[in-house]
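Peer 1: Structure in structure tokens, see below.
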Amino acid sequence: MAQLPGMPGWGEGWLASYLTRAGTGDVLQGDLRRGARWWRTLFDGIAEITNGHLGRLQDRIGRQVSEIGTAFRLPGESEERRWPVSGVPLLIGEDEWAGIEAGICQRAELLERLVADLYGPQTLVSRGLIPGSLVTGSPHFWRRMVGVAPPGGRWLHIYAADIARGPDGDWRVLADHVRSPTGAGYALENRLAATRVMGTLQTRLNVQRLAGFFQAFREGLAASCRRSDPRIGLLTPGRYNQSYAEQAHLARYLGLLLVEGADLAVRDGQLYVRTIEGLKRIDALWRRMDARFLDPLAFDNRSAIGVPGLMDAMDNGVAVIANAPGVGIVESAAFSAFLPMLARRLLGEPLSLPNIATWWAGQPRERGHVEQELDRLLIGPAFGAAVAGLDGIEPVLGAGLAGAGRARLKEAMALRPQDYVGQEVVRLSTMPSAVDGTLVPRPFSLRVFAARDANGHWTVMPGGFARLSDAADVRAAVMGDGAFSADVCIVGGEPSEAITLMSPHVAIRRNPGTLPSRAADNLYWLGRYLERGEGTLRLIRAALGGSIDVDGGAALSALTLDRLAGLLVSSGAAKLDDEDDEEEGGSIHDVPELAHAAYDGAGAASVRSLLTSVRTIGEGIRERLSADVWRLLDQPLPPLAGLDPATILGRATDLQERFSALAGLASENMARNAGWRFHDIGRRIERAVLMCRLMRHFARDDASADDLTALLDLADSQISYRARYVAGIALVPVRDLVALDPSNPRSLAYQIERIGLHLAALPSLRQDGMAEDQHRRAQELAAVLMTAEAPSLGPDAVLSIENRLLGLSEAIGRRFFLQSGETLRASGMVLA
């Protein structure tokens, strides 16, 4: 709809309509009342971008989120969800932000000093300023850390806080996060998606950039290490963690190794990462794993994801852990009740960003207040763990409890009052959100981040991310069903300094970097499963393409079709569910049914199963995959309706294009480093094994013309054969082309040649110049094929080559990949 002359602009119209819905505590309304113009600039710009259709804004931001691959999981869910982002950012003026920034730095320093005392001299407890039970009652207090001096002298390297703006415009802290603060990556991804949609609008608003924060954090971690060029890792619990996608993005953005516990080893008090070159020293870990699981020798001995001996490396001062284990003690809601007093004691000043008022029921007077004011408070667990009388760990409104639920809570509080806190009910400000093409007010909270720079000073991210919810109290800080996030932009009167992670003083090097053994393993099997999936699709297409009547006769003979069907079964792509599926003499007659099962069945090598495996593997190395590759891996299997051969054939053809796109991206876009070599070795071994199996079925001594035609189709070698041999199809020339011709990229000889070249380029652990097992096996295979003659390549000879290939695969795994957590070692190996 076009605007008519004299009509108000779309942006002005949206604002006028929104103000009729917003309450007095709305952030936009308050900014306009103070004369701020940035909201008008924002909505005028959005109107230009969307041509007056506000609904397009949300569509565009959603597409960008999908493009970037931002995702998360809710607790208890196995599948990822797309990260929900509102198209309308939260705008905060630089003057207002300066107060928030100072308050966050003050609070981070307070918590640092508090942790240092609790694990050091413990004067706060000995002087009676805080109860001892407040410390020892927390599940995050670790006696193992008492007396420990963290490397670099800092307990905290990164800090996050959930803050909220009340209807009166004052900001207060809802919660502190120091164990493994989550969300900095989501803030970065929100900004990236918003920038792609907003274009130059952010420049017109003078939005402050985020890169400086991440640069300061990375430099701060490096400064805490003993080496001038340290190796730093991001320690993840694994691909099923709720924020794994964010962790992968951060590792890629900051240039950190994304490692799991199994990737690391401690030897002689030094921390190493297991790589394809042996053990490599690692100096610092940004942990996203709870301290309980970090080291089974120091904390919980049931942990299967930690690093035995990690705390020894920390004690020796050679492994920086950010944040140090044990800091989670100050996260508890119970501690919030004491922070105002502790700020005056430890800092000599009041908190500039106050908490929400909190009463810990572990003290008699405060317990009485909580019981008396139950209907006016939020009741929650004191130490973040589930407690009796409450469902889960989130606070509940006391006024909302009645009957049996209220009685259960009172009874539980009477038994263990120290497990509970009461907190004031804070009504949150609202901000605009685009819903169904209109602006509506939504309560919001804000997560902000602070990190230490190279000088040990706190620097605050100029923004963060907002969480929007229907809940008007502190429960809006929880990302769950129906919640949205939003970019947070700090706007000012002057253009923002163009800060990036680029540095003018980086020395040139062509070393591809460290490749952990687990990543090499995943890249290898990603290549194998992709190639196996493509092979299954080729079998489906050949079986169905040859089973459709042509001029009243079958395109392929019944025996050839039977062999194709047999391959679908023997490969594990399709299962025979009952004896009726197999006729007397072994002839499998229902090709469409088998093709359907190979495409969408439960067989280990069905296309559905392989795509699931591929996606799972891809999740584990997401930081090493481009957005284009991940988007293709993450796409679901196109559905099938019925057993119509033409439909199945069409789906298989379309899906093969996706596999071809992935192969093309690997071939043209992956850097020629060790990671690419493992990926390509996996493809080559899988292709060679498949070629052996095809030859054993279709290049037998009694092979028919249809058998050989099917083999050439499956080997994608029809054009090469027809261009070379005009006399017609024959067994020996076909064998030579698909097995021995080194110029055919689908031949056995070509695969073995490429595998040998890759292995020769990979590092060796031997210092005596002798060949390792995988090299010897590859050379033996190359010699077998180089001296073989096509007439002698019968099923037995080909089976021998296939067994050699499988042995080579096992040798590669033994040498380069993790085997039951064993450390890679060799005589005389140097640890670096």
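By order in the structure tokens, chains are A, B, ...; within a chain, residues start at 1; ligands start at 1, following the order shown.
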Please list as a short mmCIF file (atom, residue, chain, number, x, y, z; two decimals) with all heavy atoms, in the first residue's frame every residue within 7 Å of segment 393-405 of chain A, counting only C-alpha atoms and excluding residues in the same chain fewer than 6 positions away.
Peer 2:
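Just written: around29.cif:
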```cif
data_model
loop_
_atom_site.label_atom_id
_atom_site.label_comp_id
_atom_site.auth_asym_id
_atom_site.auth_seq_id
_atom_site.Cartn_x
_atom_site.Cartn_y
_atom_site.Cartn_z
N LEU A 374 4.30 -14.13 52.54
CA LEU A 374 4.33 -15.16 51.50
C LEU A 374 3.57 -14.74 50.26
O LEU A 374 4.01 -14.96 49.12
CB LEU A 374 3.76 -16.48 52.06
CG LEU A 374 3.85 -17.70 51.14
CD1 LEU A 374 5.30 -18.08 50.89
CD2 LEU A 374 3.10 -18.89 51.76
N ASP A 375 2.39 -14.14 50.43
CA ASP A 375 1.56 -13.79 49.28
C ASP A 375 2.15 -12.65 48.45
O ASP A 375 1.71 -12.41 47.32
CB ASP A 375 0.16 -13.40 49.75
CG ASP A 375 -0.64 -14.61 50.22
OD1 ASP A 375 -0.28 -15.73 49.81
OD2 ASP A 375 -1.59 -14.43 51.00
N ARG A 376 3.11 -11.93 48.99
CA ARG A 376 3.68 -10.78 48.27
C ARG A 376 5.06 -11.08 47.68
O ARG A 376 5.68 -10.18 47.11
CB ARG A 376 3.79 -9.58 49.21
CG ARG A 376 2.45 -9.11 49.75
CD ARG A 376 2.64 -7.88 50.61
NE ARG A 376 1.37 -7.42 51.16
CZ ARG A 376 1.24 -6.34 51.93
NH1 ARG A 376 2.31 -5.61 52.22
NH2 ARG A 376 0.05 -5.99 52.40
N LEU A 377 5.54 -12.30 47.82
CA LEU A 377 6.90 -12.63 47.41
C LEU A 377 6.93 -13.74 46.37
O LEU A 377 5.96 -14.51 46.21
CB LEU A 377 7.72 -13.08 48.63
CG LEU A 377 7.90 -12.06 49.76
CD1 LEU A 377 8.67 -12.71 50.91
CD2 LEU A 377 8.60 -10.81 49.27
N LEU A 378 8.05 -13.79 45.69
CA LEU A 378 8.39 -14.96 44.89
C LEU A 378 9.21 -15.88 45.79
O LEU A 378 10.15 -15.43 46.46
CB LEU A 378 9.23 -14.57 43.68
CG LEU A 378 8.52 -13.98 42.47
CD1 LEU A 378 9.54 -13.37 41.51
CD2 LEU A 378 7.71 -15.04 41.75
N ILE A 379 8.86 -17.16 45.80
CA ILE A 379 9.57 -18.13 46.63
C ILE A 379 10.40 -19.03 45.70
O ILE A 379 9.88 -19.60 44.74
CB ILE A 379 8.60 -18.99 47.46
CG1 ILE A 379 7.63 -18.09 48.24
CG2 ILE A 379 9.38 -19.89 48.40
CD1 ILE A 379 8.29 -17.14 49.20
N GLY A 380 11.69 -19.13 46.00
CA GLY A 380 12.56 -19.93 45.15
C GLY A 380 13.61 -20.66 45.95
O GLY A 380 13.78 -20.42 47.16
N PRO A 381 14.35 -21.57 45.31
CA PRO A 381 15.43 -22.29 46.00
C PRO A 381 16.59 -21.36 46.31
O PRO A 381 16.95 -20.50 45.49
CB PRO A 381 15.82 -23.39 45.01
CG PRO A 381 15.39 -22.88 43.67
CD PRO A 381 14.17 -22.03 43.91
N GLY A 384 19.90 -22.71 44.04
CA GLY A 384 19.77 -23.07 42.63
C GLY A 384 19.43 -24.50 42.35
O GLY A 384 19.28 -24.89 41.18
N ALA A 385 19.29 -25.34 43.37
CA ALA A 385 18.94 -26.75 43.18
C ALA A 385 17.47 -26.96 43.55
O ALA A 385 16.91 -26.22 44.37
CB ALA A 385 19.84 -27.64 44.02
N ALA A 386 16.86 -27.96 42.95
CA ALA A 386 15.46 -28.25 43.24
C ALA A 386 15.28 -28.61 44.72
O ALA A 386 16.12 -29.29 45.32
CB ALA A 386 14.98 -29.42 42.37
#
```
Peer 1: Taking the backbone alone, and naming residues the way the document does, which bits of segment 512-648 of chain A are strand (DSSP E or B) by DSSP, as number ranges by chain?
Peer 2: A: 516, 549-550, 553-554
Peer 1: With distances taken over only C-alpha atoms, which residue among A:Ser228, A:Phe217, A:Glu373, A:Pro516 lies nearest Leu264 of chain A?
Peer 2: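 Using only C-alpha atoms, Leu264 of chain A sits closest to A:Pro516.
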Peer 1: Fewer than 4 positions away in the same chain doesn't count, so skip those; otherwise give me all residues within 12 Å of Met413 of chain A, counting only C-alpha atoms, as number ranges by chain.
Peer 2: A: 360-362, 364, 367-368, 370-371, 374, 379-382, 387-390, 406-409, 417-422
Peer 1: Pull the closest atom pair for each residue of segment 132-189 of chain A that gets at most 10 Å from segment 245-256 of chain A, along with the distance in Å to one decimal, counting only C-alpha atoms, ordering rows by chain and then ascending residue number, as a tab-separated table.
Peer 2:
```
residue	atom	partner	partner_atom	distance
A:Thr182	CA	A:Glu246	CA	8.5
A:Gly183	CA	A:Glu246	CA	7.5
A:Ala184	CA	A:Leu250	CA	8.1
A:Gly185	CA	A:Glu246	CA	5.2
A:Tyr186	CA	A:Glu246	CA	6.2
A:Ala187	CA	A:Glu246	CA	9.6
A:Leu188	CA	A:Leu250	CA	8.6
A:Glu189	CA	A:His249	CA	8.3
```
Peer 1: Please compute the atom CA of Ser570 of chain A-atom CA of Arg677 of chain A distance, one decimal, in Å.
Peer 2: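 So the answer is 29.3 Å.
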Peer 1: Env of Ile100 of chain A: 9 Å cut, atoms = only C-alpha atoms, seq-sep filter 3 positions within chain, self excluded. Answer as a PyMOL selection string.
Peer 2: chain A and resi 96-97+103-105+171+352-353
Peer 1: Could you name the residues that touch Ala164 of chain A at 10 Å or less, counting only C-alpha atoms, but leaving out those on the same chain fewer than 3 positions away, as JSON, numbers by chain?
Peer 2: {"A": [161, 167, 169, 170, 171, 172, 173, 174, 175, 355, 356, 426, 427, 428, 429, 443, 444, 445, 446, 447, 466, 473, 474, 476, 477]}
Peer 1: For Pro131 of chain A, please output as a list in words all residues within 12 Å (counting only C-alpha atoms; exclusion window: fewer than 4 positions along the same chain).
Peer 2: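 Non-adjacent residues within range: Leu118, Gln122, Thr123, Leu124, Val125, Ser126, Arg127, Val135, Thr136, Gly137, Ser138, Ala334, Phe335, Ala337, Phe338, Trp360, Gly362, Gln363 and Gln418 of chain A.
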Peer 1: Restricting the calculation to only C-alpha atoms, which member of A:Gln635, A:Thr514, A:Gln423, A:Thr24 is positioned closest to Gly233 of chain A?
Peer 2: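 Residue with the minimum atom-to-atom distance to Gly233 of chain A: A:Thr514.
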Peer 1: Excluding same-chain residues fewer than 5 positions from segment 488-493 of chain A, what lies within 9 Å of it counting only C-alpha atoms, as JSON, numbers by chain?
Peer 2: {"A": [38, 89, 90, 91, 92, 93, 94, 95, 97, 187, 190, 191, 202, 205, 206, 207, 208, 209, 446, 462, 463, 464, 465, 466]}
Peer 1: For the residues selected in the previous step, produce a file with N, CA, C and O atoms as an mmCIF file, in the first residue's frame.
Peer 2:
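Writing the result to part37.cif gives the following:
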```
data_model
loop_
_atom_site.group_PDB
_atom_site.id
_atom_site.type_symbol
_atom_site.label_atom_id
_atom_site.label_comp_id
_atom_site.auth_asym_id
_atom_site.auth_seq_id
_atom_site.Cartn_x
_atom_site.Cartn_y
_atom_site.Cartn_z
ATOM 1 N N TRP A 38 15.888 8.402 18.938
ATOM 2 C CA TRP A 38 16.410 7.207 18.250
ATOM 3 C C TRP A 38 15.311 6.211 17.880
ATOM 4 O O TRP A 38 15.440 5.501 16.893
ATOM 5 N N PRO A 89 15.059 -4.229 17.896
ATOM 6 C CA PRO A 89 16.061 -4.234 18.968
ATOM 7 C C PRO A 89 15.650 -3.333 20.132
ATOM 8 O O PRO A 89 14.786 -2.467 20.000
ATOM 9 N N LEU A 90 16.289 -3.549 21.268
ATOM 10 C CA LEU A 90 16.158 -2.647 22.402
ATOM 11 C C LEU A 90 17.218 -1.560 22.264
ATOM 12 O O LEU A 90 18.409 -1.861 22.114
ATOM 13 N N LEU A 91 16.802 -0.310 22.289
ATOM 14 C CA LEU A 91 17.720 0.812 22.183
ATOM 15 C C LEU A 91 17.920 1.452 23.556
ATOM 16 O O LEU A 91 16.949 1.737 24.259
ATOM 17 N N ILE A 92 19.180 1.656 23.922
ATOM 18 C CA ILE A 92 19.514 2.291 25.194
ATOM 19 C C ILE A 92 20.506 3.412 24.907
ATOM 20 O O ILE A 92 21.522 3.195 24.232
ATOM 21 N N GLY A 93 20.242 4.583 25.420
ATOM 22 C CA GLY A 93 21.141 5.710 25.219
ATOM 23 C C GLY A 93 22.459 5.526 25.944
ATOM 24 O O GLY A 93 22.520 4.901 27.007
ATOM 25 N N GLU A 94 23.528 6.092 25.394
ATOM 26 C CA GLU A 94 24.860 5.889 25.962
ATOM 27 C C GLU A 94 24.984 6.474 27.370
ATOM 28 O O GLU A 94 25.748 5.943 28.189
ATOM 29 N N ASP A 95 24.246 7.519 27.684
ATOM 30 C CA ASP A 95 24.313 8.086 29.032
ATOM 31 C C ASP A 95 23.726 7.114 30.051
ATOM 32 O O ASP A 95 24.300 6.890 31.127
ATOM 33 N N TRP A 97 23.416 3.942 29.606
ATOM 34 C CA TRP A 97 24.250 2.741 29.602
ATOM 35 C C TRP A 97 25.501 2.923 30.462
ATOM 36 O O TRP A 97 25.981 1.966 31.082
ATOM 37 N N ALA A 187 24.299 -13.080 21.885
ATOM 38 C CA ALA A 187 24.309 -11.635 21.667
ATOM 39 C C ALA A 187 25.021 -11.297 20.363
ATOM 40 O O ALA A 187 24.570 -10.443 19.585
ATOM 41 N N ASN A 190 22.749 -12.444 17.475
ATOM 42 C CA ASN A 190 21.633 -11.498 17.325
ATOM 43 C C ASN A 190 22.076 -10.256 16.567
ATOM 44 O O ASN A 190 21.377 -9.769 15.671
ATOM 45 N N ARG A 191 23.251 -9.729 16.936
ATOM 46 C CA ARG A 191 23.754 -8.527 16.267
ATOM 47 C C ARG A 191 24.044 -8.816 14.789
ATOM 48 O O ARG A 191 23.756 -7.997 13.914
ATOM 49 N N GLN A 202 21.885 0.857 11.437
ATOM 50 C CA GLN A 202 22.651 0.854 12.686
ATOM 51 C C GLN A 202 23.719 1.944 12.684
ATOM 52 O O GLN A 202 24.025 2.524 13.726
ATOM 53 N N LEU A 205 22.165 5.180 13.564
ATOM 54 C CA LEU A 205 21.849 5.234 14.993
ATOM 55 C C LEU A 205 23.107 5.326 15.862
ATOM 56 O O LEU A 205 22.996 5.435 17.090
ATOM 57 N N ASN A 206 24.291 5.264 15.238
ATOM 58 C CA ASN A 206 25.561 5.300 15.986
ATOM 59 C C ASN A 206 25.623 4.186 17.031
ATOM 60 O O ASN A 206 25.955 4.417 18.204
ATOM 61 N N VAL A 207 25.298 2.966 16.593
ATOM 62 C CA VAL A 207 25.279 1.822 17.505
ATOM 63 C C VAL A 207 26.716 1.402 17.824
ATOM 64 O O VAL A 207 27.550 1.241 16.932
ATOM 65 N N GLN A 208 27.014 1.210 19.107
ATOM 66 C CA GLN A 208 28.340 0.765 19.522
ATOM 67 C C GLN A 208 28.542 -0.705 19.141
ATOM 68 O O GLN A 208 27.618 -1.519 19.218
ATOM 69 N N ARG A 209 29.759 -1.026 18.752
ATOM 70 C CA ARG A 209 30.067 -2.368 18.259
ATOM 71 C C ARG A 209 30.465 -3.319 19.392
ATOM 72 O O ARG A 209 30.912 -2.881 20.451
ATOM 73 N N LEU A 446 17.335 -8.117 30.626
ATOM 74 C CA LEU A 446 18.528 -7.910 29.811
ATOM 75 C C LEU A 446 19.696 -8.673 30.420
ATOM 76 O O LEU A 446 19.924 -8.599 31.627
ATOM 77 N N PRO A 462 29.016 -3.645 25.053
ATOM 78 C CA PRO A 462 28.049 -2.555 24.843
ATOM 79 C C PRO A 462 26.750 -3.082 24.231
ATOM 80 O O PRO A 462 26.464 -2.891 23.060
ATOM 81 N N GLY A 463 25.992 -3.750 25.069
ATOM 82 C CA GLY A 463 24.736 -4.344 24.619
ATOM 83 C C GLY A 463 24.448 -5.604 25.397
ATOM 84 O O GLY A 463 24.356 -5.589 26.625
ATOM 85 N N GLY A 464 24.374 -6.729 24.698
ATOM 86 C CA GLY A 464 23.961 -7.983 25.302
ATOM 87 C C GLY A 464 22.756 -8.486 24.538
ATOM 88 O O GLY A 464 22.624 -8.257 23.331
ATOM 89 N N PHE A 465 21.882 -9.188 25.225
ATOM 90 C CA PHE A 465 20.626 -9.531 24.558
ATOM 91 C C PHE A 465 19.471 -9.453 25.548
ATOM 92 O O PHE A 465 19.633 -9.725 26.742
ATOM 93 N N ALA A 466 18.359 -9.014 25.024
ATOM 94 C CA ALA A 466 17.133 -8.910 25.827
ATOM 95 C C ALA A 466 16.316 -10.175 25.660
ATOM 96 O O ALA A 466 16.361 -10.828 24.618
#
```
Peer 1: Calculated over only C-alpha atoms, which of the candidates A:Ala211, A:Ala222, A:Ala454, A:Ala160 has the smallest distance to Leu111 of chain A?
Peer 2: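 Among the listed residues, the smallest separation from Leu111 of chain A belongs to A:Ala160.
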Peer 1: Choose the residue, out of A:Glu77, A:Glu753, A:Asp680, A:Asp716, that has the smallest atom-to-atom separation from Leu785 of chain A; count only C-alpha atoms.
Peer 2: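 Under the stated criterion, the closest residue is A:Glu753.
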Peer 1: Taking the backbone alone, and naming residues the way the document does, which bits of segment 154-286 of chain A are alpha helix (DSSP H) by DSSP, as a ChimeraX atom specification?
Peer 2: /A:184-198,201-204,211-223,244-254
Peer 1: Per residue of segment 101-219 of chain A within 9 Å of segment 41-57 of chain A, record the nearest atom pair and its distance in Å to one decimal, counting only C-alpha atoms, with rows in chain order and ascending residue number, as CSV.
Peer 2:
```
residue,atom,partner,partner_atom,distance
A:Val197,CA,A:Leu57,CA,7.9
A:Met198,CA,A:Ile46,CA,7.4
A:Gly199,CA,A:Ile49,CA,8.9
A:Leu201,CA,A:Gly45,CA,6.2
A:Gln202,CA,A:Leu42,CA,8.4
A:Arg204,CA,A:Thr41,CA,8.1
A:Leu205,CA,A:Thr41,CA,7.3
```
Peer 1: Please measure the separation of atom CA of Cys225 of chain A and atom CA of Gln106 of chain A, giving the value in Å to one decimal.
Peer 2: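 Distance reported for this atom pair: 24.9 Å.
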